[in-house]
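Participant: Attaching a single structure in structure tokens format; questions to follow.
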Amino acid sequence: MRDQPQQPEGAIAGTGMGGAMDLGASEAVTLERTPGGPAGTGPAGRPRSLWSDAWRDLRRNPVFLLSALVILFLVFISLWPSAIASGSPLTCDLAKAQDGAAPGAPFGYDGQGCNVYTRTVYGARASVTVGLCATLGVALLGSVLGGLAGYFGGVWDSVLSRVTDIFFAIPVVLGGLVLLSVVTSNTVWPVVGFMVLLGWPQISRIARGAVITAKQNDYVQAARALGASDSRILLRHIAPNAVAPVIVVATIALGTYIALEATLSYLGVGLKPPSVSWGIDISAASPYIRNAPHALLWPAGALALTVLAFIMLGDAVRDALDPKLR
Amino acid sequence: MRGSRHVRGAAGALAMALAATGCGVIVGTSGGANGGAVLSSSWGDPQNPLEPANTNEVQGGKVLDMIFRGLKKYDPRTGRAQNWLARSIETEDSRNYTVRIKRGWTFSNGEKVTARSFVNAWNYGASLRNNQKNAYFFGYIDGYDRVHPDSGRQSAPALSGLKVVDDHTFTVRLNQKFSGFPDTLGYAAFAPLPRVFFTDHAAWVKKPVGNGPYTVESYTRGSQMYLRKWDGYPGTDKARNDGVTLMVYTDSNTAYTDLLAGNLDLVDDIPAAQLKNVEGDLGDRYINTPAGIIQTLAFPYYDKAWNRPGSAKVRTGLSMAINRRQITEMIFRGTRTPATDWTSPVLGVDGGFKAGLCGRACDYDPARAKQLIKEGGGIPGGQVKITYNADSGSHRQWVDAVCNSVNNALGNDRACVGNPVGTFADFRKQIGQHTMTGPFRAGWQMDYPLIQNFLQPLYYTGASSNDGKWSDREFDRLVDRANARTDTAEAVAGFQEAEKVVRDQMAAVPLWYQNGNAGYSDRLSHVALNPFSVPVYNEIKVG
């Protein structure tokens, strides 16, 4: 396999272009003539990399700008919820149960008389934390395992492929109900751990495919011919060229992890009170939908907006990184 | 790939939802099509096979109430025990009873109900070998300690206190004086059983044969049970409809929605979240009547942290931190009444209910609550975790409200949290294994309308439903003394003395008396709930 470089098909990321980015590498010379590069290098000046192209595209993409703005705002209120919401999300006055909007409580009160606005603002932290941590964990674990399997191939590759098949076969919600119902911890970590456990095979497959694609490129062969070690080839030549699809899929998955956290919390196995989470609030408000729909709609709206923002961001990033779509 | 998979998943879910609702509609109409005056009613699968001595939960009890009649029957309005199959139950010393049975009663398979039908059934229920949940009901009968020893093997085949005199007479000898004994005999565990129960047990369990106004026609677990009127029923409380279809629901919200949609005739558990709408939705087809149910918070006395010298003060402080009035109004919309003793108003003042017996300990007084908890050494572990089952009874809503009330009183956002357990079965299992680390929900629905039933099974040392393993010598002594009183009024007063020990130690925090709630369709009339909050099915008229 290694001896027969061939033009890969169906890869998400750019093929030849990516090689141009590691300008410091001695093999870069061989890459000046890249067969599949759609956007050629300029006649004068440095060749533009995939990443600078992508960034230039993104900056002009209103979808990206809008979702990035929403996400920045979410991150801000996750860090400093008290900046825009006063009071504690856990202080509830039953006398105000199911009341509508009032001064200091623009979203009204829920069935327990808690301030829906305060709880919605504070709920962002759980979602953002779980989403980011789970994505980070999944991306790291998945790309390391998948990358190594793809690069070295052989029996470990086969074993890993079957293991991912097994994990793919586990239904997410059922797995969550079974595994998380035995956990008594009241932190986000069991939920994050569960998502990493069930999420890594997806990234692992993407990473494996990307690495197999990348390692067949001429410059990898050249590096090998020049005596570069496996770790150097992996880190300097393959990783930068295989990471794009992982980033795309992970960004889109981030949104689904947030939705999954809310789902699990809704079912009572994710975060548990007194943690504040949109899923918990949606679950608590659902029986009151006839009388106090606001208690359900605001956290549900916040959740939908957040998931949408991350998925749109992922979409924009994919568009920017996938040269075939240009 | 991702996209298409998601869409397929959504389509699958939609198809399932359609199938589920479609199924509901079909079942609903078939319930009505079973032949004229058949009504459908919400229900849940019973926990155990419908053996009378093995059914200690409400759903199975509902069916037993329809297919069995015992020596006594509790009046559906007053709850008073009246002779039914019994012609007389006589005693001179509150210990030796002679039971005479009316003639003319038969089981639905034609077999005569005799003294033997009762004695054999009671021996079966008491026997350790049969492992019946209600065995302890026979614990007063002489010889129970040999038939059902606390440990070791059964050393006698039958209760020595039961003797058949003739076909229609038998005697009962108790191991202690118990003047209220005859009034307990209306409980389903004391029902008579036909011979086929013993000779072909498997067939009986599949299709129970009893002597009540209805017979079981068919049962599909997880779906429905159809009970048909027994035309040959010899009693005066004949069914006034042709039958009842009990439909299994796992969510009371769904049942309520089905009632509004016309797919269901009777719902006897109105979800708390709908109580605000129920009068607008149903008008006068909504029932809200007192029932013999009290909700309390029990404590794990096997956990040292809750059984220290100052613990009584902490428990009393928690009791005073709960704003019962507000919770019953805002969460339960008046379908619960703040509790001020440990019994139930349905007992009546003569029966032992005493409003205000709890005194200041049940009043909402945040300042005093805070002070008492501080004096008692604070909350064990710094946080109260109230364990409850999340699958029924709108428990989540009130536990959250109780916790908020405690938190507000103590000025600490995290002083109290709810700890939901997914299902009732799992919840009961955890309680049975004594793994609770804090207070837990304890609802008590009376088995028979006696004050004894609200105290002894719950707080007597080693009693069957003493889930928290509370033990107090003074309480036990007072209960023993009260049981020995032959005069009813004296016995009641004796139990109230014992109840004061429960109060002073705050063995359990009384929360509220629960009403029975039901709603029904405009096809029905004469719908009522008995004091056990079970619909009186035989009186319902259809159309």
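We label chains A, B, ... in the order they appear in the structure tokens, count residues from 1 in each chain, and number ligands from 1 in the order shown.
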Taking only C-alpha atoms into account, which residues of chain B are within 10 Å of chain A, as a count of residues only?

Facilitator: 38

Participant: Any idea what's packed within 12 Å of Leu174 of chain A, counting only C-alpha atoms, ignoring anything in its chain fewer than 4 positions away? Could you give it as a compact mmCIF listing (two decimals) with N, CA and C atoms, in the first residue's frame?

Facilitator:
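Saved as around.txt:
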# COMPACT_ATOMS: atom_id res chain seq x y z
N ALA A 169 -23.30 0.07 17.60
CA ALA A 169 -24.54 -0.69 17.74
C ALA A 169 -25.27 -0.37 19.04
N ILE A 170 -24.59 0.35 19.96
CA ILE A 170 -25.25 0.65 21.24
C ILE A 170 -26.18 1.85 21.05
N VAL A 178 -29.10 2.95 30.95
CA VAL A 178 -28.52 1.83 31.69
C VAL A 178 -27.30 2.29 32.48
N LEU A 179 -26.36 2.95 31.79
CA LEU A 179 -25.08 3.25 32.43
C LEU A 179 -25.21 4.38 33.45
N LEU A 180 -25.96 5.42 33.10
CA LEU A 180 -25.99 6.60 33.97
C LEU A 180 -26.94 6.44 35.16
N SER A 181 -27.86 5.47 35.07
CA SER A 181 -28.80 5.33 36.18
C SER A 181 -28.10 4.79 37.42
N PHE A 194 -19.75 9.45 29.55
CA PHE A 194 -20.62 8.59 28.75
C PHE A 194 -20.61 8.99 27.28
N LEU A 198 -19.34 6.76 24.04
CA LEU A 198 -20.16 6.38 22.90
C LEU A 198 -19.88 7.21 21.66
N LEU A 260 -28.07 15.98 23.51
CA LEU A 260 -28.09 14.69 24.22
C LEU A 260 -28.06 14.91 25.74
N THR A 263 -31.43 15.72 26.69
CA THR A 263 -32.26 14.52 26.62
C THR A 263 -32.07 13.66 27.87
N LEU A 264 -30.81 13.41 28.21
CA LEU A 264 -30.53 12.55 29.37
C LEU A 264 -31.02 13.20 30.66
N LEU A 267 -34.65 12.82 30.94
CA LEU A 267 -35.03 11.47 31.36
C LEU A 267 -34.63 11.18 32.80
N VAL A 269 -31.50 10.93 34.03
CA VAL A 269 -30.24 10.22 34.24
C VAL A 269 -29.03 11.09 33.93

Participant: Which one of A:Ala250, A:Ala126, A:Ala101, A:Leu321 sits closest to Ile280 of chain A if you count only C-alpha atoms?

Facilitator: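 Smallest distance to Ile280 of chain A is found for A:Ala126.
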
Participant: Based on the backbone DSSP call, show me all residues of segment 77-213 of chain A assigned strand (DSSP E or B), as a PyMOL selection string.

Facilitator: chain A and resi 92+102+105+109+114-115

Participant: Residues of segment 85-234 of chain A in helix (DSSP H, G or I) according to DSSP, as a PyMOL selection string?

Facilitator: chain A and resi 94-96+116-152+154-168+172-180+189-215+218-225+230-234

Participant: If we count only C-alpha atoms, what is near segment 301-306 of chain A at a cut-off of 12 Å, once residues fewer than 6 positions away on the same chain are taken out, given as number ranges by chain?

Facilitator: A: 66-75, 107, 116-117, 119-128, 131, 252, 254-263, 277-282, 293-295, 312-313

Participant: For Val119 of chain B, list every protein, DNA or RNA residue within 12 Å, evaluated using only C-alpha atoms, and leave out those in the same chain fewer than 2 positions away; present the list as a PyMOL selection string.

Facilitator: chain B and resi 71+99+113-117+121-126+138+141+158-172+190-195

Participant: Go ahead and save the residues from that selection, with N, CA and C atoms, as a JSON list (two decimals), in the first residue's frame.

Facilitator:
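Generated file (selection11.json):
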[["chain", "number", "residue", "atom", "x", "y", "z"],
["B", 71, "LEU", "N", -65.75, -11.50, 54.89],
["B", 71, "LEU", "CA", -66.67, -11.56, 56.02],
["B", 71, "LEU", "C", -67.28, -10.19, 56.27],
["B", 99, "VAL", "N", -66.95, -17.15, 64.43],
["B", 99, "VAL", "CA", -67.42, -16.55, 63.19],
["B", 99, "VAL", "C", -68.50, -17.44, 62.59],
["B", 113, "VAL", "N", -69.45, -21.27, 49.42],
["B", 113, "VAL", "CA", -68.49, -20.63, 50.33],
["B", 113, "VAL", "C", -68.77, -21.15, 51.74],
["B", 114, "THR", "N", -67.80, -21.84, 52.31],
["B", 114, "THR", "CA", -67.99, -22.43, 53.64],
["B", 114, "THR", "C", -66.91, -21.93, 54.58],
["B", 115, "ALA", "N", -67.00, -22.38, 55.83],
["B", 115, "ALA", "CA", -65.98, -22.02, 56.81],
["B", 115, "ALA", "C", -64.61, -22.46, 56.32],
["B", 116, "ARG", "N", -64.59, -23.60, 55.63],
["B", 116, "ARG", "CA", -63.32, -24.13, 55.14],
["B", 116, "ARG", "C", -62.70, -23.20, 54.08],
["B", 117, "SER", "N", -63.54, -22.55, 53.28],
["B", 117, "SER", "CA", -63.02, -21.64, 52.25],
["B", 117, "SER", "C", -62.18, -20.53, 52.91],
["B", 121, "ALA", "N", -57.91, -20.56, 53.14],
["B", 121, "ALA", "CA", -57.31, -19.37, 52.54],
["B", 121, "ALA", "C", -56.38, -18.68, 53.54],
["B", 122, "TRP", "N", -56.79, -18.58, 54.78],
["B", 122, "TRP", "CA", -55.98, -17.90, 55.77],
["B", 122, "TRP", "C", -54.71, -18.69, 56.08],
["B", 123, "ASN", "N", -54.85, -20.01, 56.15],
["B", 123, "ASN", "CA", -53.66, -20.83, 56.38],
["B", 123, "ASN", "C", -52.68, -20.70, 55.22],
["B", 124, "TYR", "N", -53.24, -20.64, 54.00],
["B", 124, "TYR", "CA", -52.38, -20.47, 52.83],
["B", 124, "TYR", "C", -51.63, -19.13, 52.92],
["B", 125, "GLY", "N", -52.36, -18.08, 53.28],
["B", 125, "GLY", "CA", -51.76, -16.75, 53.33],
["B", 125, "GLY", "C", -50.71, -16.62, 54.42],
["B", 126, "ALA", "N", -50.90, -17.32, 55.52],
["B", 126, "ALA", "CA", -49.98, -17.18, 56.65],
["B", 126, "ALA", "C", -48.70, -18.00, 56.46],
["B", 138, "PHE", "N", -52.07, -12.11, 59.35],
["B", 138, "PHE", "CA", -52.50, -13.25, 60.15],
["B", 138, "PHE", "C", -51.66, -13.38, 61.41],
["B", 141, "ILE", "N", -53.08, -14.24, 64.84],
["B", 141, "ILE", "CA", -53.74, -15.53, 65.08],
["B", 141, "ILE", "C", -52.77, -16.50, 65.73],
["B", 158, "ALA", "N", -50.42, -25.50, 59.72],
["B", 158, "ALA", "CA", -51.58, -24.60, 59.73],
["B", 158, "ALA", "C", -51.63, -23.83, 61.04],
["B", 159, "LEU", "N", -52.38, -22.75, 61.03],
["B", 159, "LEU", "CA", -52.52, -21.92, 62.23],
["B", 159, "LEU", "C", -53.31, -22.68, 63.28],
["B", 160, "SER", "N", -52.74, -22.83, 64.48],
["B", 160, "SER", "CA", -53.44, -23.58, 65.53],
["B", 160, "SER", "C", -54.64, -22.80, 66.05],
["B", 161, "GLY", "N", -54.68, -21.50, 65.78],
["B", 161, "GLY", "CA", -55.79, -20.69, 66.29],
["B", 161, "GLY", "C", -57.06, -20.76, 65.46],
["B", 162, "LEU", "N", -57.00, -21.46, 64.32],
["B", 162, "LEU", "CA", -58.19, -21.56, 63.46],
["B", 162, "LEU", "C", -58.80, -22.94, 63.57],
["B", 163, "LYS", "N", -60.10, -23.00, 63.90],
["B", 163, "LYS", "CA", -60.76, -24.31, 64.02],
["B", 163, "LYS", "C", -62.11, -24.25, 63.29],
["B", 164, "VAL", "N", -62.32, -25.22, 62.39],
["B", 164, "VAL", "CA", -63.61, -25.31, 61.71],
["B", 164, "VAL", "C", -64.57, -26.07, 62.61],
["B", 165, "VAL", "N", -65.71, -25.47, 62.93],
["B", 165, "VAL", "CA", -66.70, -26.12, 63.79],
["B", 165, "VAL", "C", -67.69, -26.89, 62.93],
["B", 166, "ASP", "N", -68.32, -26.22, 62.00],
["B", 166, "ASP", "CA", -69.14, -26.90, 61.00],
["B", 166, "ASP", "C", -69.03, -26.11, 59.70],
["B", 167, "ASP", "N", -69.87, -26.46, 58.72],
["B", 167, "ASP", "CA", -69.76, -25.85, 57.40],
["B", 167, "ASP", "C", -69.83, -24.33, 57.45],
["B", 168, "HIS", "N", -70.56, -23.80, 58.43],
["B", 168, "HIS", "CA", -70.79, -22.37, 58.44],
["B", 168, "HIS", "C", -70.31, -21.71, 59.71],
["B", 169, "THR", "N", -69.44, -22.37, 60.46],
["B", 169, "THR", "CA", -68.91, -21.78, 61.69],
["B", 169, "THR", "C", -67.44, -22.12, 61.83],
["B", 170, "PHE", "N", -66.65, -21.14, 62.21],
["B", 170, "PHE", "CA", -65.27, -21.45, 62.63],
["B", 170, "PHE", "C", -64.86, -20.50, 63.74],
["B", 171, "THR", "N", -63.85, -20.93, 64.50],
["B", 171, "THR", "CA", -63.40, -20.11, 65.63],
["B", 171, "THR", "C", -61.98, -19.62, 65.37],
["B", 172, "VAL", "N", -61.69, -18.45, 65.92],
["B", 172, "VAL", "CA", -60.36, -17.86, 65.79],
["B", 172, "VAL", "C", -59.86, -17.56, 67.19],
["B", 190, "PHE", "N", -58.14, -11.37, 53.74],
["B", 190, "PHE", "CA", -58.98, -12.31, 54.49],
["B", 190, "PHE", "C", -60.08, -12.92, 53.61],
["B", 191, "ALA", "N", -59.98, -12.74, 52.31],
["B", 191, "ALA", "CA", -61.02, -13.25, 51.40],
["B", 191, "ALA", "C", -61.04, -14.78, 51.41],
["B", 192, "PRO", "N", -62.20, -15.38, 51.13],
["B", 192, "PRO", "CA", -62.27, -16.84, 51.02],
["B", 192, "PRO", "C", -61.73, -17.29, 49.67],
["B", 193, "LEU", "N", -61.27, -18.54, 49.59],
["B", 193, "LEU", "CA", -60.74, -19.04, 48.32],
["B", 193, "LEU", "C", -61.41, -20.36, 47.96],
["B", 194, "PRO", "N", -61.71, -20.55, 46.67],
["B", 194, "PRO", "CA", -62.34, -21.81, 46.23],
["B", 194, "PRO", "C", -61.31, -22.94, 46.20],
["B", 195, "ARG", "N", -61.79, -24.19, 46.12],
["B", 195, "ARG", "CA", -60.89, -25.34, 46.12],
["B", 195, "ARG", "C", -59.92, -25.31, 44.95]]
